[in-house]
$ cat my_file.cif   # mmCIF, C-alpha atoms
data_start
#
loop_
_atom_site.label_atom_id
_atom_site.label_comp_id
_atom_site.auth_asym_id
_atom_site.auth_seq_id
_atom_site.Cartn_x
_atom_site.Cartn_y
_atom_site.Cartn_z
CA MET A 14 -22.42 -22.44 2.08
CA SER A 15 -25.26 -21.93 -0.43
CA SER A 16 -24.75 -23.14 -3.99
CA ASN A 17 -23.31 -20.75 -6.56
CA GLU A 18 -26.67 -20.50 -8.35
CA GLU A 19 -28.56 -19.33 -5.24
CA TRP A 20 -25.85 -17.06 -3.90
CA ARG A 21 -26.19 -13.35 -4.54
CA ARG A 22 -23.59 -10.59 -4.20
CA VAL A 23 -23.95 -7.31 -2.27
CA ASP A 24 -25.58 -5.64 -5.26
CA GLY A 25 -27.81 -8.63 -6.01
CA ARG A 26 -25.81 -9.99 -8.97
CA ARG A 27 -25.01 -13.65 -9.61
CA TRP A 28 -21.33 -14.69 -9.42
CA ASP A 29 -20.91 -14.59 -13.22
CA GLU A 30 -22.97 -11.49 -13.92
CA LEU A 31 -21.61 -8.20 -15.24
CA ARG A 32 -22.89 -4.87 -14.04
CA GLU A 33 -25.20 -3.08 -16.44
CA ILE A 34 -23.13 -1.45 -19.21
CA ARG A 35 -23.99 1.44 -21.47
CA ILE A 36 -21.48 2.79 -24.01
CA GLU A 37 -21.97 5.75 -26.29
CA SER A 38 -19.46 6.77 -28.95
CA GLY A 39 -18.80 10.20 -30.46
CA VAL A 40 -19.97 12.21 -27.45
CA LEU A 41 -17.34 14.97 -27.67
CA PRO A 42 -17.50 17.03 -30.87
CA ASN A 43 -14.16 18.73 -30.15
CA ALA A 44 -12.20 15.47 -29.89
CA ASP A 45 -11.20 13.36 -32.89
CA GLY A 46 -12.89 10.37 -31.25
CA SER A 47 -14.68 9.87 -27.95
CA ALA A 48 -16.75 7.51 -25.86
CA TYR A 49 -18.75 7.53 -22.64
CA ILE A 50 -19.21 4.43 -20.52
CA GLU A 51 -21.47 3.64 -17.61
CA MET A 52 -20.65 0.35 -15.97
CA GLY A 53 -22.78 -0.02 -12.87
CA ARG A 54 -22.13 3.21 -10.98
CA ASN A 55 -18.88 3.94 -12.87
CA LYS A 56 -19.11 6.88 -15.24
CA ILE A 57 -16.13 7.60 -17.48
CA ILE A 58 -15.61 9.81 -20.49
CA VAL A 59 -12.72 9.28 -22.93
CA GLY A 60 -11.41 11.60 -25.64
CA VAL A 61 -8.89 10.67 -28.35
CA TYR A 62 -6.77 13.10 -30.37
CA GLY A 63 -4.53 12.23 -33.25
CA PRO A 64 -2.48 10.98 -34.88
CA ARG A 65 -0.88 14.41 -34.53
CA GLU A 66 2.53 16.00 -34.22
CA MET A 67 4.45 15.03 -31.11
CA HIS A 68 5.19 17.75 -28.56
CA PRO A 69 7.76 18.01 -27.05
CA LYS A 70 9.54 17.05 -30.26
CA HIS A 71 12.48 15.28 -28.61
CA LEU A 72 10.06 12.52 -27.51
CA ALA A 73 9.09 11.75 -31.11
CA ARG A 74 10.40 8.50 -32.56
CA PRO A 75 11.51 8.50 -36.20
CA HIS A 76 10.17 5.03 -37.06
CA THR A 77 6.99 4.76 -35.01
CA GLY A 78 4.21 6.70 -33.38
CA ILE A 79 3.64 6.93 -29.66
CA LEU A 80 0.48 6.28 -27.70
CA ARG A 81 0.06 8.60 -24.74
CA CYS A 82 -2.66 7.99 -22.18
CA ARG A 83 -3.92 9.96 -19.24
CA TYR A 84 -6.18 8.42 -16.63
CA HIS A 85 -7.58 10.89 -14.16
CA MET A 86 -10.20 10.69 -11.44
CA ALA A 87 -12.25 13.84 -10.97
CA PRO A 88 -12.20 15.26 -7.40
CA PHE A 89 -15.94 14.54 -7.11
CA SER A 90 -15.69 10.95 -8.42
CA THR A 91 -15.22 9.37 -5.00
CA GLU A 92 -16.48 9.75 -1.45
CA PRO A 93 -14.69 11.53 0.24
CA ARG A 94 -13.42 14.09 -2.29
CA ARG A 95 -9.98 13.29 -3.69
CA SER A 96 -7.17 15.62 -4.68
CA PRO A 97 -7.21 16.56 -8.38
CA ALA A 98 -3.42 16.14 -8.55
CA PRO A 99 -2.29 12.93 -10.31
CA SER A 100 -1.73 10.25 -7.67
CA ARG A 101 0.61 7.26 -7.77
CA ARG A 102 -2.43 5.13 -8.65
CA ASP A 103 -3.43 7.47 -11.52
CA MET A 104 0.08 7.21 -12.94
CA GLU A 105 0.02 3.42 -12.69
CA ILE A 106 -3.33 3.14 -14.45
CA THR A 107 -2.15 5.61 -17.10
CA MET A 108 0.72 3.22 -17.86
CA VAL A 109 -1.51 0.17 -17.68
CA MET A 110 -3.96 1.71 -20.17
CA ARG A 111 -1.13 2.36 -22.59
CA TYR A 112 0.14 -1.22 -22.29
CA ALA A 113 -3.36 -2.58 -22.80
CA LEU A 114 -4.14 -0.50 -25.89
CA GLU A 115 -0.76 -0.39 -27.67
CA PRO A 116 -0.93 -3.94 -29.12
CA ALA A 117 -4.16 -3.03 -30.93
CA ILE A 118 -2.79 0.01 -32.78
CA PHE A 119 -0.63 0.13 -35.93
CA LEU A 120 1.71 2.72 -34.38
CA GLU A 121 4.44 2.03 -36.94
CA ARG A 122 2.28 3.79 -39.54
CA TYR A 123 2.58 7.13 -37.76
CA PRO A 124 6.28 7.94 -37.37
CA ARG A 125 7.09 11.06 -35.33
CA SER A 126 3.42 11.32 -34.30
CA THR A 127 1.39 10.75 -31.18
CA ILE A 128 -2.07 9.49 -30.39
CA ASP A 129 -3.38 10.97 -27.14
CA VAL A 130 -6.04 9.24 -25.05
CA TYR A 131 -7.58 11.13 -22.12
CA ALA A 132 -9.81 9.24 -19.69
CA GLU A 133 -11.67 11.19 -17.04
CA VAL A 134 -13.46 9.26 -14.31
CA LEU A 135 -16.58 11.18 -13.33
CA GLN A 136 -17.87 8.63 -10.84
CA ALA A 137 -16.01 5.61 -9.52
CA ASP A 138 -17.30 2.32 -8.12
CA GLY A 139 -14.49 -0.20 -8.66
CA GLY A 140 -13.19 -1.48 -11.99
CA THR A 141 -12.49 1.97 -13.46
CA ARG A 142 -9.27 0.86 -15.17
CA CYS A 143 -11.15 -1.84 -17.08
CA ALA A 144 -14.00 0.51 -17.96
CA SER A 145 -11.50 3.17 -19.11
CA ILE A 146 -9.73 0.69 -21.40
CA THR A 147 -13.07 -0.50 -22.83
CA ALA A 148 -14.20 3.09 -23.52
CA ALA A 149 -10.78 4.08 -24.90
CA ALA A 150 -10.94 1.27 -27.48
CA VAL A 151 -14.34 2.54 -28.66
CA ALA A 152 -13.02 6.13 -28.77
CA LEU A 153 -10.00 5.01 -30.85
CA ALA A 154 -12.28 3.26 -33.34
CA ASP A 155 -14.51 6.36 -33.39
CA ALA A 156 -11.44 8.49 -34.21
CA GLY A 157 -10.94 6.40 -37.35
CA ILE A 158 -7.61 5.00 -36.16
CA PRO A 159 -7.01 1.59 -37.76
CA LEU A 160 -7.03 -1.14 -35.09
CA LYS A 161 -6.01 -4.78 -35.08
CA ASP A 162 -8.99 -5.46 -32.82
CA LEU A 163 -11.15 -3.75 -30.22
CA VAL A 164 -9.84 -4.16 -26.67
CA ALA A 165 -12.38 -5.11 -24.04
CA ALA A 166 -11.44 -5.23 -20.36
CA CYS A 167 -13.07 -6.83 -17.36
CA SER A 168 -12.03 -8.02 -13.93
CA ALA A 169 -12.65 -11.25 -12.05
CA GLY A 170 -11.69 -12.05 -8.49
CA LYS A 171 -12.48 -13.77 -5.26
CA TYR A 172 -15.04 -12.53 -2.77
CA GLU A 173 -16.28 -14.45 0.30
CA GLY A 174 -14.39 -17.51 -0.95
CA ARG A 175 -16.09 -17.53 -4.37
CA ILE A 176 -14.82 -16.60 -7.82
CA VAL A 177 -16.85 -13.65 -9.10
CA LEU A 178 -16.95 -11.54 -12.27
CA ASP A 179 -16.67 -7.75 -12.51
CA LEU A 180 -15.96 -6.71 -8.93
CA ASN A 181 -17.48 -3.51 -7.63
CA ASP A 182 -15.83 -1.16 -5.14
CA HIS A 183 -17.03 -3.08 -2.06
CA GLU A 184 -15.89 -6.46 -3.43
CA ASP A 185 -12.60 -4.91 -4.51
CA LYS A 186 -11.91 -3.54 -1.02
CA TYR A 187 -13.13 -6.48 1.08
CA GLY A 188 -12.53 -9.36 -1.32
CA GLU A 189 -9.57 -11.78 -1.33
CA ALA A 190 -8.33 -11.14 -4.88
CA ASP A 191 -8.87 -8.97 -7.95
CA LEU A 192 -7.66 -9.76 -11.47
CA PRO A 193 -8.19 -7.09 -14.17
CA LEU A 194 -7.76 -8.41 -17.70
CA ALA A 195 -7.86 -6.76 -21.14
CA TYR A 196 -8.52 -8.93 -24.15
CA MET A 197 -8.72 -8.70 -27.94
CA PRO A 198 -11.63 -11.07 -28.65
CA ASN A 199 -11.05 -11.67 -32.37
CA LEU A 200 -7.33 -12.30 -31.99
CA GLY A 201 -7.71 -14.16 -28.70
CA SER A 202 -4.86 -12.15 -27.13
CA ILE A 203 -4.61 -10.90 -23.60
CA THR A 204 -3.13 -7.40 -23.57
CA LEU A 205 -3.26 -6.80 -19.83
CA LEU A 206 -3.22 -9.11 -16.85
CA GLN A 207 -2.79 -7.84 -13.30
CA MET A 208 -3.50 -9.49 -10.00
CA ASP A 209 -4.00 -8.20 -6.52
CA GLY A 210 -4.44 -10.66 -3.60
CA LEU A 211 -4.03 -14.41 -3.36
CA LEU A 212 -5.39 -17.13 -5.64
CA SER A 213 -4.48 -20.80 -6.04
CA PRO A 214 -3.35 -21.88 -9.56
CA GLU A 215 -6.80 -23.43 -10.18
CA GLU A 216 -8.56 -20.30 -9.01
CA LEU A 217 -6.29 -18.20 -11.22
CA ASP A 218 -7.29 -20.28 -14.26
CA ARG A 219 -10.96 -19.94 -13.39
CA CYS A 220 -10.59 -16.18 -12.90
CA ILE A 221 -8.84 -15.74 -16.26
CA ASN A 222 -11.49 -17.78 -18.10
CA LEU A 223 -14.29 -15.91 -16.35
CA ALA A 224 -12.74 -12.51 -17.14
CA ILE A 225 -12.35 -13.53 -20.80
CA GLU A 226 -16.04 -14.48 -20.90
CA GLY A 227 -16.83 -11.07 -19.42
CA CYS A 228 -14.67 -9.35 -22.05
CA ARG A 229 -16.57 -11.16 -24.81
CA LYS A 230 -19.88 -9.83 -23.46
CA ILE A 231 -18.43 -6.31 -23.17
CA TYR A 232 -17.14 -6.59 -26.74
CA GLU A 233 -20.73 -7.06 -27.95
CA VAL A 234 -21.72 -3.82 -26.17
CA GLN A 235 -18.76 -2.01 -27.78
CA ARG A 236 -19.86 -3.18 -31.22
CA GLU A 237 -23.42 -2.05 -30.60
CA ALA A 238 -22.21 1.41 -29.51
CA LEU A 239 -20.14 1.86 -32.67
CA LYS A 240 -22.89 0.55 -34.91
CA ARG A 241 -25.48 2.88 -33.32
CA LYS A 242 -23.36 5.92 -34.08
CA TYR A 243 -22.74 4.78 -37.65
CA GLU A 244 -26.46 4.18 -38.23
CA ALA A 245 -27.37 7.58 -36.74
CA LYS A 246 -24.81 9.24 -39.01
CA LYS A 247 -26.17 7.38 -42.03
CA GLU A 248 -29.70 8.48 -41.15
CA VAL A 249 -28.60 12.14 -40.93
CA GLU A 250 -26.82 11.85 -44.29
CA GLY A 251 -29.92 10.19 -45.79
CA ASN A 252 -32.09 13.15 -44.75
CA MET B 26 -18.78 -5.13 -70.22
CA PRO B 27 -18.11 -2.38 -67.69
CA ARG B 28 -15.67 -3.24 -65.01
CA GLY B 29 -17.35 -4.26 -61.73
CA PHE B 30 -20.50 -5.66 -63.38
CA ASP B 31 -21.44 -9.27 -64.06
CA ASP B 32 -22.83 -10.84 -67.25
CA SER B 33 -26.30 -9.28 -66.82
CA GLY B 34 -24.65 -5.87 -66.87
CA HIS B 35 -26.69 -4.62 -63.91
CA THR B 36 -25.64 -6.31 -60.70
CA PRO B 37 -22.49 -4.88 -59.14
CA HIS B 38 -19.87 -7.56 -59.43
CA ARG B 39 -19.43 -8.10 -55.71
CA LEU B 40 -20.18 -11.09 -53.59
CA ARG B 41 -21.64 -9.14 -50.68
CA GLU B 42 -21.29 -6.10 -48.49
CA LYS B 43 -21.40 -6.27 -44.73
CA PHE B 44 -20.78 -3.99 -41.77
CA VAL B 45 -17.56 -4.97 -40.02
CA TYR B 46 -15.60 -3.98 -36.93
CA PRO B 47 -11.84 -3.78 -36.35
CA GLY B 48 -10.34 -7.25 -36.03
CA GLU B 49 -13.25 -9.05 -37.67
CA ARG B 50 -12.27 -12.02 -39.83
CA LEU B 51 -13.09 -11.39 -43.49
CA ALA B 52 -11.47 -14.23 -45.43
CA VAL B 53 -8.29 -16.31 -45.67
CA GLU B 54 -5.42 -15.35 -47.92
CA GLU B 55 -6.03 -18.34 -50.24
CA GLU B 56 -9.44 -16.85 -51.13
CA PHE B 57 -8.79 -13.12 -51.52
CA PHE B 58 -6.11 -10.45 -51.65
CA SER B 59 -5.95 -8.19 -48.66
CA GLY B 60 -7.14 -4.76 -49.87
CA ARG B 61 -7.47 -1.33 -48.37
CA GLY B 62 -8.71 -1.24 -44.76
CA THR B 63 -7.67 -4.84 -44.09
CA TYR B 64 -4.59 -6.57 -42.72
CA LEU B 65 -3.14 -10.05 -42.75
CA ASP B 66 -2.79 -11.98 -39.52
CA LYS B 67 -1.31 -15.49 -39.84
CA GLY B 68 -3.02 -16.10 -43.19
CA VAL B 69 -6.34 -14.61 -42.11
CA ILE B 70 -7.55 -11.32 -43.62
CA ARG B 71 -9.05 -9.09 -40.95
CA SER B 72 -10.63 -5.67 -40.98
CA GLU B 73 -8.69 -2.80 -39.45
CA GLU B 74 -11.54 -0.35 -39.82
CA LEU B 75 -15.10 0.16 -38.80
CA GLY B 76 -16.96 0.16 -42.08
CA ILE B 77 -18.38 -1.82 -44.97
CA ALA B 78 -16.47 -4.84 -46.25
CA LEU B 79 -16.62 -5.30 -50.02
CA TYR B 80 -15.76 -8.62 -51.59
CA ASP B 81 -14.68 -8.13 -55.19
CA ILE B 82 -14.94 -11.49 -56.90
CA ARG B 83 -13.37 -10.42 -60.19
CA GLU B 84 -10.31 -8.84 -58.59
CA ARG B 85 -10.28 -11.47 -55.82
CA GLU B 86 -9.87 -8.69 -53.33
CA VAL B 87 -11.56 -7.84 -50.06
CA ARG B 88 -11.43 -4.26 -48.83
CA VAL B 89 -13.14 -2.18 -46.18
CA SER B 90 -14.59 1.22 -46.86
CA LYS B 91 -14.27 3.31 -43.72
CA ALA B 92 -17.42 4.57 -41.95
CA THR B 93 -15.50 6.84 -39.58
CA ARG B 94 -13.39 9.95 -40.11
CA GLU B 95 -10.10 9.70 -41.99
CA PRO B 96 -7.18 10.67 -39.71
CA ILE B 97 -5.18 13.61 -41.07
CA ILE B 98 -1.66 12.46 -41.93
CA PRO B 99 0.32 15.06 -43.92
CA LYS B 100 1.96 13.49 -46.97
CA GLU B 101 4.02 14.70 -49.90
CA GLY B 102 1.87 16.52 -52.46
CA PHE B 103 -0.81 17.66 -49.99
CA GLU B 104 -1.80 21.33 -49.95
CA VAL B 105 -1.48 23.03 -46.59
CA ILE B 106 -2.37 26.37 -45.03
CA GLY B 107 -0.41 27.78 -42.11
CA GLU B 108 0.72 30.83 -40.21
CA VAL B 109 4.26 32.05 -40.71
CA GLY B 110 6.37 32.30 -37.55
CA SER B 111 9.98 33.40 -37.61
CA VAL B 112 11.43 34.36 -41.01
CA GLN B 113 15.03 34.32 -42.14
CA LYS B 114 16.56 34.82 -45.57
CA ARG B 115 16.84 31.09 -46.28
CA MET B 116 14.11 29.63 -44.07
CA ALA B 117 10.71 30.45 -42.59
CA ASN B 118 8.83 28.50 -39.93
CA VAL B 119 5.15 27.77 -40.44
CA ASP B 120 2.47 26.46 -38.08
CA VAL B 121 0.35 24.35 -40.40
CA PHE B 122 -3.28 24.36 -39.25
CA MET B 123 -5.02 23.01 -42.35
CA VAL B 124 -4.04 19.94 -44.34
CA SER B 125 -5.91 19.20 -47.58
CA GLY B 126 -8.73 21.52 -46.54
CA ARG B 127 -9.19 19.96 -43.08
CA GLU B 128 -8.36 21.69 -39.84
CA VAL B 129 -5.95 19.79 -37.57
CA SER B 130 -6.42 19.58 -33.81
CA ARG B 131 -2.85 20.72 -33.17
CA PRO B 132 -0.68 22.57 -35.73
CA TYR B 133 2.10 20.72 -37.53
CA THR B 134 5.49 22.40 -37.80
CA GLY B 135 6.55 23.24 -41.34
CA VAL B 136 9.37 25.14 -42.99
CA ILE B 137 9.56 27.02 -46.27
CA TYR B 138 12.88 27.02 -48.10
CA PRO B 139 13.69 29.32 -51.02
CA PRO B 140 13.14 27.67 -54.42
CA ALA B 141 16.21 25.83 -55.71
CA SER B 142 15.84 26.67 -59.41
CA LYS B 143 13.28 29.39 -59.96
CA ARG B 144 14.12 32.74 -58.38
CA SER B 145 10.87 34.66 -58.34
CA TYR B 146 11.96 36.37 -55.13
CA ARG B 147 15.41 37.04 -53.71
CA GLY B 148 15.19 35.88 -50.11
CA LEU B 149 12.35 34.41 -48.10
CA ASP B 150 12.26 37.53 -45.94
CA MET B 151 11.07 39.33 -49.09
CA ALA B 152 8.41 36.70 -49.84
CA VAL B 153 6.72 36.15 -46.47
CA ARG B 154 6.57 37.96 -43.14
CA SER B 155 5.83 36.79 -39.63
CA GLY B 156 2.05 36.51 -39.08
CA ASP B 157 1.19 35.94 -42.76
CA ILE B 158 -1.13 33.10 -43.69
CA ILE B 159 0.33 31.06 -46.52
CA LYS B 160 -0.80 28.27 -48.77
CA GLY B 161 1.74 25.78 -50.05
CA ARG B 162 2.43 22.20 -51.01
CA ILE B 163 4.28 19.59 -48.94
CA ILE B 164 7.38 18.49 -50.85
CA ASN B 165 9.11 16.46 -48.14
CA THR B 166 8.09 14.96 -44.79
CA LYS B 167 11.25 13.08 -43.90
CA ASN B 168 13.11 15.54 -41.72
CA ARG B 169 10.89 15.85 -38.65
CA VAL B 170 9.15 18.91 -40.10
CA LEU B 171 7.02 19.40 -43.18
CA GLN B 172 8.99 20.99 -45.98
CA ILE B 173 6.67 23.33 -47.85
CA SER B 174 6.99 24.88 -51.27
CA ILE B 175 5.20 28.11 -52.25
CA ASP B 176 6.60 28.19 -55.80
CA GLU B 177 3.39 27.48 -57.67
CA GLU B 178 1.19 30.33 -58.88
CA GLU B 179 -1.69 29.46 -56.57
CA HIS B 180 0.67 29.17 -53.60
CA GLY B 181 2.12 31.92 -51.45
CA VAL B 182 0.63 34.44 -49.06
CA ILE B 183 -3.16 34.26 -48.93
CA LEU B 184 -3.62 36.78 -46.14
CA ALA B 185 -1.18 39.35 -44.79
CA TYR B 186 -1.32 42.05 -42.17
CA CYS B 187 0.17 45.52 -42.22
CA SER B 188 3.53 45.67 -40.48
CA ARG B 189 2.74 49.18 -39.25
CA CYS B 190 -0.91 49.14 -38.09
CA GLY B 191 -1.90 45.43 -38.21
CA SER B 192 -4.82 45.79 -40.64
CA PRO B 193 -5.41 43.08 -43.27
CA LEU B 194 -3.68 44.09 -46.51
CA GLU B 195 -5.42 44.36 -49.87
CA TYR B 196 -3.85 43.20 -53.12
CA ARG B 197 -3.65 45.87 -55.82
CA ARG B 198 -1.67 45.28 -59.01
CA ILE B 199 1.65 43.85 -57.84
CA ARG B 200 1.71 45.12 -54.26
CA LEU B 201 -0.20 44.75 -51.03
CA HIS B 202 -1.68 47.97 -49.72
CA CYS B 203 -2.94 48.83 -46.28
CA PRO B 204 -6.38 50.46 -46.56
CA ARG B 205 -5.91 52.11 -43.16
CA CYS B 206 -2.44 53.63 -43.13
CA GLY B 207 -1.57 53.44 -46.83
CA ARG B 208 1.61 51.39 -46.39
CA ALA B 209 2.60 49.23 -49.38
CA ASP B 210 4.31 45.85 -48.97
CA ARG B 211 5.70 43.15 -51.25
CA ARG B 212 5.10 39.45 -50.83
CA LYS B 213 5.02 36.25 -52.87
CA VAL B 214 1.25 36.51 -53.19
CA ALA B 215 -0.96 33.54 -54.10
CA LYS B 216 -3.36 33.80 -57.04
CA ARG B 217 -6.41 33.68 -54.78
CA TYR B 218 -5.19 36.21 -52.19
CA GLY B 219 -7.94 37.01 -49.67
CA LEU B 220 -10.33 34.44 -51.16
CA GLU B 221 -9.30 31.23 -49.41
CA ALA B 222 -11.60 29.77 -46.72
CA LEU B 223 -9.63 29.47 -43.50
CA ASN B 224 -12.08 27.35 -41.47
#

$ encode --input "my_file.cif" --output "structure tokens"
Amino acid sequence: MSSNEEWRRVDGRRWDELREIRIESGVLPNADGSAYIEMGRNKIIVGVYGPREMHPKHLARPHTGILRCRYHMAPFSTEPRRSPAPSRRDMEITMVMRYALEPAIFLERYPRSTIDVYAEVLQADGGTRCASITAAAVALADAGIPLKDLVAACSAGKYEGRIVLDLNDHEDKYGEADLPLAYMPNLGSITLLQMDGLLSPEELDRCINLAIEGCRKIYEVQREALKRKYEAKKEVEGN
Amino acid sequence: MPRGFDDSGHTPHRLREKFVYPGERLAVEEEFFSGRGTYLDKGVIRSEELGIALYDIREREVRVSKATREPIIPKEGFEVIGEVGSVQKRMANVDVFMVSGREVSRPYTGVIYPPASKRSYRGLDMAVRSGDIIKGRIINTKNRVLQISIDEEEHGVILAYCSRCGSPLEYRRIRLHCPRCGRADRRKVAKRYGLEALN
């Protein structure tokens, strides 16, 4: 087996290399906050509404707000075409997104209200749940919702017997394990940890540490995206 | 010496300003008080906003001025504009679509109750009608819906439609008149009837 430094993955990346990421914030004028992310061949758009009145009203909680998420893959996002109806997987990722983002939001400040997050996957190539969480955190910050920290998400896993960062669709399907992780870099808290496949305890530790490193790099891209929008806004106001 | 200025009288009395992101560490609680736009996490003051952090040395306070939009949270005392739904003698439902001059993405539910002390109108069904646009003030937010008062002079109906032909009514003397069919109606009319910006 070649050394880790020489070895290249199916898309030519090193074992600890992220796919190319581009994040833009404030892309939807009709939403309160929004973000668009391209992570390799993944393309996802996220819109945030709220805090606003909860409908149906019986779901409202008197002492806290509620975060509602919707993850959806467009019919044209995969090959072959997929049904536009929400699948079991869509519902799972919807729940996972909510769990990953909830710890970052001061929901107790918005009693009887809801914050709605809609993520639409336009093109999928593995790791869409992590990319959706990353974009949703930027969209929440863009909506002016106070946050404890930004949430960055990234996966690590095992492919051809090696621990790798940010698995793509091929590595996800044919690899031995996949571990998506969401992380608040300033607070050092993990808000989501899932695992699919088999890893030894040592490999699990390595995967977690690698995914955290990946999240830190993604966090820098999130910051840049937010700063770019702020600077553009300032420039417009200056003129 | 003016507040916020140092001995020279020119330099703003702040240590520094810097662009910060949510969660960024600003100071520890032994150094500064946690001001607006910040929160305390195990003795560390962190930003909860995307914006500019201001360190006020004199007040020993660090705060963050927001660079993003301010979420619309209806609170007591805020002025609201909404469309009247069903009307009864003692209660009228309102879909509030503007809070403090800002349009909301989804209407809030509000109710108007008749005034407790002042009786400028007998029942609410005499003061507002279904479909009217009203301006009022939030007086209570505790009971799931926004409780709205239209007692003040500048509050009340700001736009009404004819109950016979649907045309917008015009305010003449003390009544609302329909320019199309000539019908006259009574309402609790706001001072600036027909002059409020609705978007």

$ closest_residue --input "my_file.cif" --among "A:Glu250, A:Glu121, A:Asp179, A:Glu233" --to "A:Trp28" --atoms "all atoms listed in the file"
A:Asp179

$ closest_residue --input "my_file.cif" --among "A:Pro97, A:Gly39, A:Pro193, A:Gly140" --to "chain B" --atoms "all atoms listed in the file"
A:Gly39

$ interface_residues --input "my_file.cif" --of "chain A" --to "chain B" --cutoff "6 Å" --atoms "all atoms listed in the file" --output "PyMOL selection string"
chain A and resi 66+157+159-162+199

$ resolve_selection --input "my_file.cif" --expression "the PyMOL selection byres ((chain A and resi 122) around 10)" --output "count of residues only"
14

$ resolve_selection --input "my_file.cif" --expression "the PyMOL selection byres ((chain A and resi 86) around 7)" --output "list in words"
Tyr84, His85, Ala87, Pro88, Ser90, Glu133, Val134 and Leu135 of chain A

$ resolve_selection --input "my_file.cif" --expression "the PyMOL selection byres ((chain B and resi 188) around 10)" --output "PyMOL selection string"
chain B and resi 154-156+185-187+189-194+203+208-210

$ write_last_selection --input "my_file.cif" --atoms "C-alpha atoms" --output "PDB file, in the coordinates of the input"
ATOM      1  CA  ARG B 154       6.570  37.960 -43.140  1.00  0.00           C
ATOM      2  CA  SER B 155       5.830  36.790 -39.630  1.00  0.00           C
ATOM      3  CA  GLY B 156       2.050  36.510 -39.080  1.00  0.00           C
ATOM      4  CA  ALA B 185      -1.180  39.350 -44.790  1.00  0.00           C
ATOM      5  CA  TYR B 186      -1.320  42.050 -42.170  1.00  0.00           C
ATOM      6  CA  CYS B 187       0.170  45.520 -42.220  1.00  0.00           C
ATOM      7  CA  ARG B 189       2.740  49.180 -39.250  1.00  0.00           C
ATOM      8  CA  CYS B 190      -0.910  49.140 -38.090  1.00  0.00           C
ATOM      9  CA  GLY B 191      -1.900  45.430 -38.210  1.00  0.00           C
ATOM     10  CA  SER B 192      -4.820  45.790 -40.640  1.00  0.00           C
ATOM     11  CA  PRO B 193      -5.410  43.080 -43.270  1.00  0.00           C
ATOM     12  CA  LEU B 194      -3.680  44.090 -46.510  1.00  0.00           C
ATOM     13  CA  CYS B 203      -2.940  48.830 -46.280  1.00  0.00           C
ATOM     14  CA  ARG B 208       1.610  51.390 -46.390  1.00  0.00           C
ATOM     15  CA  ALA B 209       2.600  49.230 -49.380  1.00  0.00           C
ATOM     16  CA  ASP B 210       4.310  45.850 -48.970  1.00  0.00           C
TER      17      ASP B 210
END

$ closest_residue --input "my_file.cif" --among "B:Arg88, B:Arg61, B:Arg127, B:Lys213" --to "B:Leu201" --atoms "all atoms listed in the file"
B:Lys213

$ closest_residue --input "my_file.cif" --among "B:Lys100, B:Lys43, B:Arg200, B:Arg83" --to "B:Asn165" --atoms "all atoms listed in the file"
B:Lys100

$ residues_around --input "my_file.cif" --residues "A:Ala117" --least-positions-apart "3" --cutoff "12 Å" --atoms "all atoms listed in the file" --output "count of residues only"
37

$ atom_distance --input "my_file.cif" --atom1 "atom CA of A:Gly139" --atom2 "atom CA of A:Pro42"
28.3 Å

$ atom_distance --input "my_file.cif" --atom1 "atom CA of A:Ile58" --atom2 "atom CA of A:Leu31"
19.7 Å

$ residues_around --input "my_file.cif" --residues "B:Arg115" --least-positions-apart "6" --cutoff "8 Å" --atoms "all atoms listed in the file" --output "PDB file with C-alpha atoms, keeping the file's coordinate frame"
ATOM      1  CA  TYR B 138      12.880  27.020 -48.100  1.00  0.00           C
ATOM      2  CA  PRO B 139      13.690  29.320 -51.020  1.00  0.00           C
ATOM      3  CA  GLY B 148      15.190  35.880 -50.110  1.00  0.00           C
ATOM      4  CA  LEU B 149      12.350  34.410 -48.100  1.00  0.00           C
ATOM      5  CA  ASP B 150      12.260  37.530 -45.940  1.00  0.00           C
TER       6      ASP B 150
END

$ atom_distance --input "my_file.cif" --atom1 "atom CA of A:Gly60" --atom2 "atom CA of A:Glu30"
28.4 Å

$ residues_around --input "my_file.cif" --residues "A:Leu217" --least-positions-apart "4" --cutoff "10 Å" --atoms "only C-alpha atoms" --output "list in words"
Ala169, Gly170, Lys171, Ile176, Ala190, Leu192, Met208, Leu211, Leu212, Ser213, Ile221, Asn222 and Leu223 of chain A
